[in-house]
>>> print(open('input30.cif').read())   # mmCIF, C-alpha atoms
data_run
loop_
_atom_site.label_atom_id
_atom_site.label_comp_id
_atom_site.auth_asym_id
_atom_site.auth_seq_id
_atom_site.Cartn_x
_atom_site.Cartn_y
_atom_site.Cartn_z
CA MET A 203 37.81 1.16 8.50
CA HIS A 204 34.24 0.69 7.20
CA ILE A 205 31.51 2.59 9.08
CA GLU A 206 27.77 2.61 8.33
CA VAL A 207 25.25 5.14 9.61
CA GLN A 208 21.47 5.33 9.35
CA TYR A 209 20.13 7.48 6.52
CA GLY A 210 16.37 7.40 5.96
CA ASP A 211 15.38 3.84 5.10
CA GLY A 212 18.94 2.94 4.15
CA LYS A 213 22.56 3.56 5.08
CA GLU A 214 25.38 5.94 4.32
CA CYS A 215 28.82 4.31 4.36
CA VAL A 216 32.29 5.72 4.79
CA GLU A 217 35.78 4.24 4.57
CA LEU A 218 38.09 5.94 7.05
CA PRO A 219 41.74 5.23 7.88
CA GLU A 220 41.95 3.92 11.43
CA GLU A 221 44.31 6.71 12.44
CA ASN A 222 41.58 9.25 11.63
CA LEU A 223 38.90 7.61 13.77
CA GLY A 224 38.09 9.51 16.92
CA GLU A 225 35.20 7.82 18.73
CA ILE A 226 31.91 6.16 17.78
CA VAL A 227 29.15 7.23 20.15
CA HIS A 228 25.79 5.52 20.71
CA PRO A 229 23.21 5.84 23.43
CA LYS A 230 24.14 3.09 25.86
CA ASP A 231 23.11 -0.45 24.91
CA LEU A 232 20.95 -2.06 27.59
CA PRO A 233 19.58 -5.59 27.93
CA PRO A 234 15.96 -5.84 26.72
CA LEU A 235 13.25 -5.86 29.37
CA ASP A 236 9.69 -7.19 29.41
CA GLU A 237 7.92 -3.94 28.48
CA THR A 238 4.54 -5.12 29.72
CA ALA A 239 6.00 -5.98 33.12
CA VAL A 240 7.86 -2.65 33.31
CA LEU A 241 4.68 -0.69 32.55
CA ASP A 242 2.50 -2.77 34.84
CA GLY A 243 4.98 -2.23 37.67
CA ALA A 244 4.82 1.53 37.15
CA PHE A 245 0.99 1.52 37.05
CA LYS A 246 0.77 -0.45 40.30
CA ASN A 247 3.58 1.38 42.12
CA PRO A 248 3.09 5.05 41.26
CA LEU A 249 5.07 7.93 42.74
CA GLY A 250 2.96 10.25 44.90
CA SER A 251 -0.33 9.12 43.41
CA GLN A 252 -3.08 6.55 43.33
CA THR A 253 -2.51 3.47 41.19
CA LEU A 254 -3.67 3.68 37.59
CA GLU A 255 -6.62 1.42 38.39
CA GLU A 256 -7.74 3.64 41.29
CA PHE A 257 -7.23 6.81 39.24
CA ILE A 258 -9.39 5.55 36.39
CA LYS A 259 -12.06 4.18 38.71
CA ARG A 260 -12.73 7.70 40.09
CA ALA A 261 -12.59 9.42 36.69
CA LYS A 262 -15.81 10.86 35.24
CA ASP A 263 -14.14 11.22 31.84
CA ILE A 264 -10.55 10.82 30.71
CA LEU A 265 -8.41 12.80 28.28
CA VAL A 266 -5.13 11.13 27.28
CA VAL A 267 -2.37 13.49 26.09
CA VAL A 268 0.12 11.86 23.69
CA ASN A 269 3.08 13.11 21.68
CA ASP A 270 3.05 13.65 17.94
CA ALA A 271 5.15 11.80 15.36
CA THR A 272 8.26 13.93 15.93
CA ARG A 273 8.88 11.96 19.14
CA PRO A 274 9.70 8.25 19.44
CA THR A 275 7.31 7.76 22.37
CA PRO A 276 5.63 4.31 22.01
CA SER A 277 2.22 5.71 22.98
CA GLY A 278 0.39 2.84 21.31
CA ARG A 279 2.26 0.16 23.25
CA ILE A 280 1.68 2.04 26.50
CA LEU A 281 -2.02 2.47 25.75
CA GLU A 282 -2.33 -1.21 24.93
CA SER A 283 -1.25 -1.97 28.49
CA MET A 284 -3.79 0.56 29.82
CA MET A 285 -6.78 -0.54 27.75
CA PRO A 286 -8.10 -3.18 30.17
CA HIS A 287 -8.55 -0.43 32.80
CA PHE A 288 -10.59 1.77 30.44
CA GLN A 289 -13.65 -0.51 30.31
CA GLY A 290 -16.87 1.46 30.79
CA LYS A 291 -15.14 4.86 30.73
CA THR A 292 -15.38 7.73 28.24
CA VAL A 293 -11.85 8.18 26.95
CA ASN A 294 -10.65 10.73 24.42
CA TYR A 295 -7.14 11.39 23.14
CA ILE A 296 -5.39 14.62 22.19
CA ILE A 297 -2.17 14.84 20.20
CA ALA A 298 0.19 17.41 21.73
CA THR A 299 1.46 18.93 18.51
CA GLY A 300 2.77 22.14 20.05
CA MET A 301 3.37 24.34 17.01
CA HIS A 302 3.79 21.38 14.64
CA ARG A 303 1.37 20.47 11.84
CA ALA A 304 -1.32 17.83 12.20
CA PRO A 305 -0.20 14.21 11.65
CA THR A 306 -0.61 12.40 8.35
CA GLU A 307 -2.55 9.12 8.28
CA GLU A 308 0.73 7.23 8.37
CA GLU A 309 1.82 9.25 11.40
CA PHE A 310 -1.46 8.59 13.23
CA LYS A 311 -0.68 4.88 12.84
CA PHE A 312 2.86 5.44 14.12
CA ILE A 313 1.60 7.36 17.17
CA PHE A 314 -1.12 4.89 18.21
CA GLY A 315 0.35 1.66 16.82
CA PRO A 316 -1.59 -1.44 17.86
CA VAL A 317 -4.57 0.50 19.29
CA TYR A 318 -5.17 2.88 16.39
CA ASP A 319 -8.30 1.18 15.05
CA ARG A 320 -9.82 1.22 18.55
CA VAL A 321 -9.13 4.88 19.30
CA LYS A 322 -9.16 6.71 15.94
CA ASP A 323 -12.74 7.96 16.31
CA HIS A 324 -11.87 9.60 19.64
CA VAL A 325 -8.69 11.47 18.68
CA LEU A 326 -8.35 15.26 18.78
CA VAL A 327 -5.41 17.15 17.29
CA HIS A 328 -4.25 20.30 19.06
CA ASP A 329 -3.90 23.30 16.76
CA SER A 330 -1.94 26.08 18.46
CA LYS A 331 -3.51 28.72 16.21
CA ALA A 332 -7.09 27.46 15.97
CA SER A 333 -7.97 25.37 19.04
CA GLU A 334 -10.03 27.13 21.71
CA THR A 335 -7.86 27.95 24.72
CA SER A 336 -8.30 29.12 28.31
CA PHE A 337 -6.10 31.58 30.20
CA VAL A 338 -4.64 29.85 33.27
CA GLY A 339 -2.12 32.40 34.52
CA VAL A 340 1.16 34.21 33.89
CA SER A 341 4.58 32.59 34.33
CA ARG A 342 7.37 34.06 36.47
CA ASN A 343 8.96 35.20 33.17
CA GLY A 344 5.81 37.06 32.11
CA THR A 345 4.55 34.48 29.61
CA ARG A 346 0.75 34.40 29.25
CA LEU A 347 -0.30 30.80 29.79
CA LEU A 348 -3.08 29.78 27.39
CA LEU A 349 -4.02 26.09 27.35
CA ASN A 350 -6.28 24.01 25.11
CA ARG A 351 -9.85 24.28 26.48
CA LYS A 352 -10.42 20.51 26.16
CA VAL A 353 -7.53 19.93 28.57
CA VAL A 354 -8.74 22.54 31.03
CA ASP A 355 -12.28 21.10 31.00
CA ALA A 356 -11.30 17.43 31.28
CA HIS A 357 -12.12 15.78 34.61
CA SER A 358 -9.12 13.45 34.56
CA ILE A 359 -5.96 13.63 32.43
CA ILE A 360 -3.45 10.94 31.60
CA VAL A 361 -0.13 12.21 30.21
CA ILE A 362 2.07 9.84 28.21
CA SER A 363 5.56 10.91 27.19
CA SER A 364 9.17 9.83 26.82
CA VAL A 365 12.11 11.55 28.47
CA GLU A 366 15.39 12.39 26.83
CA PRO A 367 17.71 15.43 26.76
CA HIS A 368 16.36 18.50 24.94
CA TYR A 369 18.61 21.16 23.49
CA PHE A 370 16.95 24.18 25.13
CA ALA A 371 14.29 22.84 27.54
CA GLY A 372 16.82 20.66 29.38
CA TYR A 373 14.74 17.51 28.94
CA THR A 374 11.61 16.41 27.12
CA GLY A 375 8.65 14.86 28.91
CA GLY A 376 6.58 15.79 31.94
CA ARG A 377 5.46 19.41 31.85
CA LYS A 378 6.39 19.68 28.17
CA SER A 379 3.18 17.82 27.22
CA PHE A 380 1.27 20.94 28.29
CA LEU A 381 3.73 23.63 27.18
CA PRO A 382 4.31 23.60 24.28
CA GLY A 383 2.24 20.43 23.70
CA VAL A 384 -1.30 21.81 24.02
CA SER A 385 -0.65 25.53 24.43
CA ALA A 386 -1.68 28.48 22.28
CA TYR A 387 0.71 29.79 19.63
CA GLU A 388 1.11 33.03 21.59
CA THR A 389 2.24 31.12 24.67
CA ILE A 390 4.66 28.92 22.71
CA GLU A 391 6.15 31.94 20.96
CA GLN A 392 6.77 33.77 24.24
CA ASN A 393 8.22 30.63 25.80
CA HIS A 394 10.51 29.75 22.91
CA LYS A 395 11.89 33.28 22.75
CA LEU A 396 13.48 32.45 26.11
CA ALA A 397 15.54 29.79 24.28
CA LEU A 398 17.79 32.64 23.12
CA ARG A 399 19.12 32.89 26.68
CA LEU A 400 22.39 31.09 27.48
CA GLU A 401 20.75 29.28 30.40
CA ALA A 402 18.43 27.46 27.96
CA GLN A 403 20.49 24.39 27.15
CA SER A 404 20.53 20.62 27.20
CA LEU A 405 20.48 18.89 30.63
CA ARG A 406 19.91 22.18 32.46
CA LEU A 407 16.71 22.78 34.44
CA LYS A 408 17.64 25.11 37.30
CA GLY A 409 17.72 28.68 36.07
CA ASN A 410 16.55 27.63 32.60
CA PRO A 411 13.78 30.13 31.74
CA VAL A 412 12.19 27.82 29.15
CA ASN A 413 11.82 25.09 31.76
CA GLU A 414 10.55 27.64 34.31
CA ASP A 415 7.66 28.56 32.00
CA MET A 416 6.83 24.90 31.47
CA GLU A 417 6.86 24.19 35.19
CA ASP A 418 4.64 27.21 35.82
CA MET A 419 2.11 25.84 33.31
CA ALA A 420 2.12 22.53 35.19
CA LYS A 421 1.65 24.39 38.50
CA ALA A 422 -1.40 26.13 37.03
CA LEU A 423 -2.92 22.65 36.73
CA LYS A 424 -2.10 21.57 40.29
CA ASP A 425 -5.78 21.10 41.16
CA LYS A 426 -6.43 18.86 38.13
CA ARG A 427 -6.51 15.06 38.40
CA ILE A 428 -3.42 14.05 36.40
CA PHE A 429 -1.80 10.63 36.08
CA SER A 430 1.59 10.70 34.37
CA VAL A 431 3.35 7.87 32.53
CA MET A 432 6.99 8.67 31.67
CA VAL A 433 9.18 6.20 29.82
CA VAL A 434 12.82 6.16 28.79
CA LEU A 435 13.76 4.34 25.60
CA ASP A 436 17.02 2.61 24.74
CA LYS A 437 18.78 3.09 21.41
CA HIS A 438 16.48 0.48 19.82
CA HIS A 439 13.41 2.47 21.02
CA ARG A 440 12.54 -0.24 23.54
CA ILE A 441 11.20 0.81 26.94
CA CYS A 442 13.99 0.48 29.51
CA HIS A 443 12.30 2.48 32.28
CA ALA A 444 8.81 3.56 33.24
CA SER A 445 7.69 5.72 36.13
CA ALA A 446 4.12 6.80 36.77
CA GLY A 447 1.88 8.83 39.06
CA HIS A 448 2.54 12.45 40.02
CA LEU A 449 3.60 14.49 36.97
CA LYS A 450 6.79 16.00 38.36
CA ARG A 451 7.90 13.05 40.48
CA SER A 452 7.49 10.52 37.68
CA TRP A 453 9.31 12.87 35.28
CA ARG A 454 12.21 13.45 37.69
CA ALA A 455 12.61 9.69 38.16
CA ALA A 456 12.76 9.25 34.38
CA ILE A 457 15.39 12.00 34.07
CA LYS A 458 17.79 9.99 36.24
CA LYS A 459 17.47 7.04 33.88
CA ALA A 460 17.69 9.28 30.81
CA ASP A 461 21.04 10.60 32.00
CA GLU A 462 22.31 7.02 32.28
CA VAL A 463 21.20 6.21 28.73
CA PHE A 464 21.81 9.38 26.73
CA VAL A 465 24.71 11.26 28.33
CA VAL A 466 27.91 9.76 26.92
CA LYS A 467 31.46 10.65 27.93
CA LEU A 468 34.06 11.51 25.28
CA LYS A 469 37.82 11.36 25.72
CA LYS A 470 38.38 14.62 23.84
CA LYS A 471 36.82 16.95 21.30
CA ALA A 472 37.21 15.95 17.66
CA ASP A 473 38.19 17.88 14.56
CA VAL A 474 35.18 16.49 12.67
CA VAL A 475 31.89 15.29 14.15
CA VAL A 476 29.37 13.31 12.11
CA ALA A 477 25.93 14.02 13.62
CA VAL A 478 23.55 11.27 12.54
CA THR A 479 19.83 12.05 12.85
CA ALA A 480 17.92 8.83 13.49
CA PHE A 481 14.21 8.15 12.98
CA PRO A 482 11.81 9.80 13.80
CA TYR A 483 13.82 13.01 14.26
CA ASP A 484 14.94 12.90 10.61
CA ILE A 485 11.40 13.99 9.67
CA ASP A 486 12.62 17.46 8.65
CA LEU A 487 15.40 19.99 8.97
CA TYR A 488 13.64 21.75 11.84
CA GLN A 489 13.89 18.64 14.04
CA SER A 490 17.29 17.57 12.67
CA GLN A 491 18.88 20.81 13.89
CA LYS A 492 18.89 19.29 17.38
CA ALA A 493 21.60 16.90 16.20
CA LEU A 494 23.83 19.85 15.36
CA ASP A 495 23.22 21.34 18.79
CA ASN A 496 24.40 18.23 20.61
CA ALA A 497 27.32 17.75 18.22
CA LYS A 498 28.67 21.20 19.15
CA TYR A 499 29.73 19.78 22.53
CA ALA A 500 31.97 17.24 20.75
CA VAL A 501 33.72 19.41 18.13
CA ARG A 502 36.70 21.70 18.64
CA ASP A 503 36.52 25.37 17.74
CA GLY A 504 37.26 25.72 14.03
CA GLY A 505 36.27 22.11 13.32
CA VAL A 506 33.50 20.68 11.13
CA ILE A 507 30.10 19.17 11.94
CA ILE A 508 28.56 16.97 9.25
CA LEU A 509 24.78 16.63 9.60
CA VAL A 510 23.40 13.36 8.20
CA SER A 511 19.61 13.43 7.91
CA ALA A 512 17.12 12.30 5.27
CA CYS A 513 14.76 15.20 6.17
CA ARG A 514 11.90 12.97 4.97
CA MET A 515 9.24 15.71 5.02
CA GLY A 516 11.43 18.60 3.93
CA VAL A 517 12.24 21.70 5.96
CA GLY A 518 9.38 21.81 8.48
CA PRO A 519 8.31 25.25 9.80
CA GLU A 520 10.24 27.65 7.56
CA THR A 521 10.49 30.77 9.74
CA PHE A 522 13.99 29.84 10.93
CA LEU A 523 15.16 29.10 7.38
CA ASN A 524 13.85 32.42 6.04
CA LEU A 525 15.73 34.30 8.74
CA LEU A 526 18.99 32.44 8.06
CA ALA A 527 18.57 32.92 4.30
CA SER A 528 18.20 36.69 4.81
CA ALA A 529 21.59 36.91 6.56
CA ASN A 530 24.99 36.80 4.86
CA THR A 531 26.73 35.22 7.84
CA PRO A 532 25.79 33.54 11.14
CA LYS A 533 26.85 36.74 12.91
CA ASP A 534 24.43 38.74 10.75
CA ALA A 535 21.65 36.28 11.61
CA LEU A 536 22.20 36.74 15.35
CA GLU A 537 22.20 40.50 14.90
CA LYS A 538 18.81 40.36 13.14
CA ILE A 539 17.33 38.10 15.82
CA SER A 540 18.47 40.50 18.53
CA HIS A 541 16.21 43.19 17.01
CA THR A 542 13.08 41.12 16.37
CA TYR A 543 11.65 37.71 17.25
CA LYS A 544 9.18 35.29 15.68
CA LEU A 545 8.48 31.71 16.69
CA GLY A 546 11.20 29.66 15.01
CA TYR A 547 13.94 32.27 15.35
CA HIS A 548 15.27 30.40 18.39
CA LYS A 549 16.14 27.59 15.98
CA ALA A 550 17.94 30.02 13.67
CA ALA A 551 19.82 31.46 16.64
CA LYS A 552 21.04 28.06 17.79
CA MET A 553 22.26 27.23 14.27
CA ALA A 554 23.93 30.62 13.92
CA GLU A 555 25.74 30.17 17.24
CA ILE A 556 27.15 26.87 15.97
CA GLY A 557 28.16 28.60 12.72
CA LEU A 558 30.34 30.97 14.75
CA LYS A 559 32.13 28.01 16.35
CA CYS A 560 32.70 25.71 13.38
CA ARG A 561 31.78 24.89 9.77
CA MET A 562 28.68 22.85 9.00
CA MET A 563 28.17 20.40 6.15
CA ALA A 564 24.92 18.64 5.29
CA VAL A 565 24.27 15.21 3.79
CA THR A 566 20.51 15.34 3.23
CA LYS A 567 17.85 14.73 0.59
CA LEU A 568 16.94 18.41 0.55
CA ASP A 569 17.54 20.75 -2.35
CA PRO A 570 21.20 21.82 -1.89
CA GLU A 571 20.10 25.45 -1.98
CA ILE A 572 18.17 24.92 1.28
CA ALA A 573 21.35 23.76 2.99
CA ARG A 574 23.19 26.83 1.72
CA LYS A 575 20.44 29.09 3.04
CA SER A 576 21.00 27.43 6.44
CA HIS A 577 24.74 28.27 6.24
CA MET A 578 25.59 24.60 5.73
CA GLU A 579 27.59 23.26 2.79
CA PRO A 580 25.61 20.57 0.93
CA VAL A 581 27.61 17.44 0.09
CA PRO A 582 26.09 14.51 -1.86
CA THR A 583 27.49 11.64 0.25
CA LEU A 584 28.96 11.13 3.69
CA GLN A 585 32.16 9.75 2.16
CA GLU A 586 32.68 12.96 0.17
CA ALA A 587 31.93 15.10 3.22
CA VAL A 588 34.38 13.23 5.48
CA ASP A 589 37.09 13.23 2.80
CA LYS A 590 36.67 16.97 2.22
CA ALA A 591 36.77 17.79 5.94
CA VAL A 592 39.90 15.69 6.53
CA ARG A 593 41.65 17.25 3.53
CA GLU A 594 40.93 20.73 4.84
CA LEU A 595 41.83 20.06 8.49
CA GLY A 596 44.89 17.95 7.84
CA PRO A 597 45.85 14.26 7.56
CA ARG A 598 45.78 13.76 11.34
CA ALA A 599 42.22 15.07 11.75
CA LYS A 600 40.10 12.92 14.04
CA VAL A 601 36.50 12.08 13.07
CA THR A 602 33.93 11.23 15.76
CA PHE A 603 30.54 9.71 14.90
CA ILE A 604 27.45 10.37 17.05
CA MET A 605 24.97 7.75 15.86
CA ASP A 606 21.78 9.22 17.36
CA ALA A 607 22.80 12.81 17.79
CA VAL A 608 19.40 14.33 18.56
CA ILE A 609 19.14 12.46 21.86
CA THR A 610 22.82 11.78 22.65
CA VAL A 611 24.61 14.44 24.68
CA PRO A 612 28.40 14.07 24.62
CA LYS A 613 30.41 15.30 27.60
CA VAL A 614 34.16 15.62 27.30
CA GLN A 615 35.89 14.12 30.35
#
>>> encode(input="input30.cif", output="structure tokens")
Amino acid sequence: MHIEVQYGDGKECVELPEENLGEIVHPKDLPPLDETAVLDGAFKNPLGSQTLEEFIKRAKDILVVVNDATRPTPSGRILESMMPHFQGKTVNYIIATGMHRAPTEEEFKFIFGPVYDRVKDHVLVHDSKASETSFVGVSRNGTRLLLNRKVVDAHSIIVISSVEPHYFAGYTGGRKSFLPGVSAYETIEQNHKLALRLEAQSLRLKGNPVNEDMEDMAKALKDKRIFSVMVVLDKHHRICHASAGHLKRSWRAAIKKADEVFVVKLKKKADVVVAVTAFPYDIDLYQSQKALDNAKYAVRDGGVIILVSACRMGVGPETFLNLLASANTPKDALEKISHTYKLGYHKAAKMAEIGLKCRMMAVTKLDPEIARKSHMEPVPTLQEAVDKAVRELGPRAKVTFIMDAVITVPKVQ
């Protein structure tokens, strides 16, 4: 059987005997919708809020919060639908980078798409270490909440995001635009340390301390004028749902749709799981790790996960890699993290936990030594990786493919 998976700008192919094929998992395929009509319907029928037109009419100035290039959010297409309402208003834009680096010129164009030339002179980039911040409170978990001063001072805020499962915050979107999106490094570090807790996992919100911090940041802004636009994308990155208005209500409505699209049932766990990291999450190893985290739900104990990711921009923030490289085994890595924490160690902890459950291989464009430092075995091609795993686990080993593993959460029936 011939199977192709996305790999950077091209494909990786594998020939697999039919008796070794487990399942091939995609986010659900949905019929295309008229995106403009979907967005317009959300703007005119908001949840718990004025319409977009009424919100903008009363705004003295507007700050639009958008995601950076590590998210597939079609901010430009959404803004294009909003532009007619912005006439005569002062509108600025801030990129919610969280702890990520500033975008490249190419990434600015990806973020803003068709409206980039119109907005580029009014774009701010949040810098968690350098941007001026304001203290807005303390979360129930003791996290000091420090938020970008431009956001705190804005009269009216429009938040644009997409909603999909997230491996330790439960879901992306909504409150996540503020924390970590435009929060201080100190706040993000305290929040992400909570990801070491078992309750911090995909699809879980209640009792998830990471989500609790994020919700407390949103509550600190309860007196601000905020209009939220939350979209859910299908596997082709087309908008299949939009909800708008109140931040939490619009986000909760999008979560229901996200579960329909991204949570996929499996018949059984596989011996080998191929975790494909699709664009834009294949930007680096830091983002690609999320594919491993979802794949862990699909692999049996003692099995193999094969990460397939171009890692176009390299490793990303290297703190997690340095910690893993300093440990001889995943168990040693977890022991080190238990004694000290830096932002990024949550990523190392999640990888180490997977390393205790199964073996990890990596088909990437990174230096093979980087994969080894991450406790993954580098393999040049997907075919070689699958052949090696099947040889080691036996001729009856089943191989399951998750074609967009960062945002696809498998659940065994």
>>> atom_distance(input="input30.cif", atom1="atom CA of Gly518 of chain A", atom2="atom CA of Ser576 of chain A")
13.1 Å
>>> residues_around(input="input30.cif", residues="Gly315 of chain A", least_positions_apart="4", cutoff="7 Å", atoms="all atoms listed in the file", output="ChimeraX atom specification")
/A:278-279,311
>>> closest_atom_pairs(input="input30.cif", of="segment 515-574 of chain A", to="segment 395-407 of chain A", cutoff="12 Å", atoms="all atoms listed in the file", output="JSON lines")
{"residue": "A:Leu536", "atom": "CA", "partner": "A:Leu398", "partner_atom": "CA", "distance": 9.8}
{"residue": "A:Ile539", "atom": "CA", "partner": "A:Leu398", "partner_atom": "CA", "distance": 9.1}
{"residue": "A:Ser540", "atom": "CA", "partner": "A:Leu398", "partner_atom": "CA", "distance": 9.1}
{"residue": "A:Thr542", "atom": "CA", "partner": "A:Lys395", "partner_atom": "CA", "distance": 10.2}
{"residue": "A:Tyr543", "atom": "CA", "partner": "A:Lys395", "partner_atom": "CA", "distance": 7.1}
{"residue": "A:Lys544", "atom": "CA", "partner": "A:Lys395", "partner_atom": "CA", "distance": 7.8}
{"residue": "A:Leu545", "atom": "CA", "partner": "A:Lys395", "partner_atom": "CA", "distance": 7.1}
{"residue": "A:Gly546", "atom": "CA", "partner": "A:Lys395", "partner_atom": "CA", "distance": 8.6}
{"residue": "A:Tyr547", "atom": "CA", "partner": "A:Lys395", "partner_atom": "CA", "distance": 7.7}
{"residue": "A:His548", "atom": "CA", "partner": "A:Leu398", "partner_atom": "CA", "distance": 5.8}
{"residue": "A:Lys549", "atom": "CA", "partner": "A:Ala397", "partner_atom": "CA", "distance": 8.6}
{"residue": "A:Ala550", "atom": "CA", "partner": "A:Leu398", "partner_atom": "CA", "distance": 9.8}
{"residue": "A:Ala551", "atom": "CA", "partner": "A:Leu398", "partner_atom": "CA", "distance": 6.9}
{"residue": "A:Lys552", "atom": "CA", "partner": "A:Leu398", "partner_atom": "CA", "distance": 7.7}
{"residue": "A:Met553", "atom": "CA", "partner": "A:Leu398", "partner_atom": "CA", "distance": 11.3}
{"residue": "A:Ala554", "atom": "CA", "partner": "A:Leu398", "partner_atom": "CA", "distance": 11.2}
{"residue": "A:Glu555", "atom": "CA", "partner": "A:Leu398", "partner_atom": "CA", "distance": 10.2}
>>> residues_around(input="input30.cif", residues="segment 320-330 of chain A", least_positions_apart="5", cutoff="9 Å", atoms="only C-alpha atoms", output="ChimeraX atom specification")
/A:293-305,310,314,335,350,382-388,390
>>> closest_residue(input="input30.cif", among="A:Val614, A:Met515, A:Leu435, A:Ile609", to="Leu235 of chain A", atoms="all atoms listed in the file")
A:Leu435
>>> resolve_selection(input="input30.cif", expression="the PyMOL selection byres ((chain A and resi 230-234) around 7)", output="PyMOL selection string")
chain A and resi 228-229+235-236+436-437+463-464
>>> residues_around(input="input30.cif", residues="Val431 of chain A", least_positions_apart="4", cutoff="9 Å", atoms="all atoms listed in the file", output="list in words")
Leu241, Ala244, Phe245, Ile280, Ile360, Val361, Ile362, Ser363, Ser364, Gly376, Ala444, Ser445, Ala446, Gly447, His448, Leu449, Ser452 and Trp453 of chain A
>>> residues_near_point(input="input30.cif", point="(13.7, 10.8, 15.9)", cutoff="12 Å", atoms="all atoms listed in the file", output="VMD selection string")
chain A and resid 208 to 210 270 to 275 364 366 435 437 to 439 478 to 493 511 to 514 605 to 610
>>> write_last_selection(input="input30.cif", atoms="C-alpha atoms", output="short mmCIF file (atom, residue, chain, number, x, y, z; two decimals), keeping the file's coordinate frame")
data_model
loop_
_atom_site.label_atom_id
_atom_site.label_comp_id
_atom_site.auth_asym_id
_atom_site.auth_seq_id
_atom_site.Cartn_x
_atom_site.Cartn_y
_atom_site.Cartn_z
CA GLN A 208 21.47 5.33 9.35
CA TYR A 209 20.13 7.48 6.52
CA GLY A 210 16.37 7.40 5.96
CA ASP A 270 3.05 13.65 17.94
CA ALA A 271 5.15 11.80 15.36
CA THR A 272 8.26 13.93 15.93
CA ARG A 273 8.88 11.96 19.14
CA PRO A 274 9.70 8.25 19.44
CA THR A 275 7.31 7.76 22.37
CA SER A 364 9.17 9.83 26.82
CA GLU A 366 15.39 12.39 26.83
CA LEU A 435 13.76 4.34 25.60
CA LYS A 437 18.78 3.09 21.41
CA HIS A 438 16.48 0.48 19.82
CA HIS A 439 13.41 2.47 21.02
CA VAL A 478 23.55 11.27 12.54
CA THR A 479 19.83 12.05 12.85
CA ALA A 480 17.92 8.83 13.49
CA PHE A 481 14.21 8.15 12.98
CA PRO A 482 11.81 9.80 13.80
CA TYR A 483 13.82 13.01 14.26
CA ASP A 484 14.94 12.90 10.61
CA ILE A 485 11.40 13.99 9.67
CA ASP A 486 12.62 17.46 8.65
CA LEU A 487 15.40 19.99 8.97
CA TYR A 488 13.64 21.75 11.84
CA GLN A 489 13.89 18.64 14.04
CA SER A 490 17.29 17.57 12.67
CA GLN A 491 18.88 20.81 13.89
CA LYS A 492 18.89 19.29 17.38
CA ALA A 493 21.60 16.90 16.20
CA SER A 511 19.61 13.43 7.91
CA ALA A 512 17.12 12.30 5.27
CA CYS A 513 14.76 15.20 6.17
CA ARG A 514 11.90 12.97 4.97
CA MET A 605 24.97 7.75 15.86
CA ASP A 606 21.78 9.22 17.36
CA ALA A 607 22.80 12.81 17.79
CA VAL A 608 19.40 14.33 18.56
CA ILE A 609 19.14 12.46 21.86
CA THR A 610 22.82 11.78 22.65
#
>>> residues_around(input="input30.cif", residues="segment 214-218 of chain A", least_positions_apart="5", cutoff="9 Å", atoms="all atoms listed in the file", output="MDAnalysis selection string")
chainID A and resid 203:209 223 510 583:586 588:589 601
>>> residues_around(input="input30.cif", residues="Ala460 of chain A", least_positions_apart="4", cutoff="8 Å", atoms="all atoms listed in the file", output="list in words")
Val365, Glu366, Pro367, Val434, Ala456, Phe464 and Val465 of chain A
>>> write_last_selection(input="input30.cif", atoms="C-alpha atoms", output="PDB file, keeping the file's coordinate frame")
ATOM      1  CA  VAL A 365      12.110  11.550  28.470  1.00  0.00           C
ATOM      2  CA  GLU A 366      15.390  12.390  26.830  1.00  0.00           C
ATOM      3  CA  PRO A 367      17.710  15.430  26.760  1.00  0.00           C
ATOM      4  CA  VAL A 434      12.820   6.160  28.790  1.00  0.00           C
ATOM      5  CA  ALA A 456      12.760   9.250  34.380  1.00  0.00           C
ATOM      6  CA  PHE A 464      21.810   9.380  26.730  1.00  0.00           C
ATOM      7  CA  VAL A 465      24.710  11.260  28.330  1.00  0.00           C
TER       8      VAL A 465
END
>>> atom_distance(input="input30.cif", atom1="atom CA of Ala587 of chain A", atom2="atom CA of Asp495 of chain A")
18.9 Å
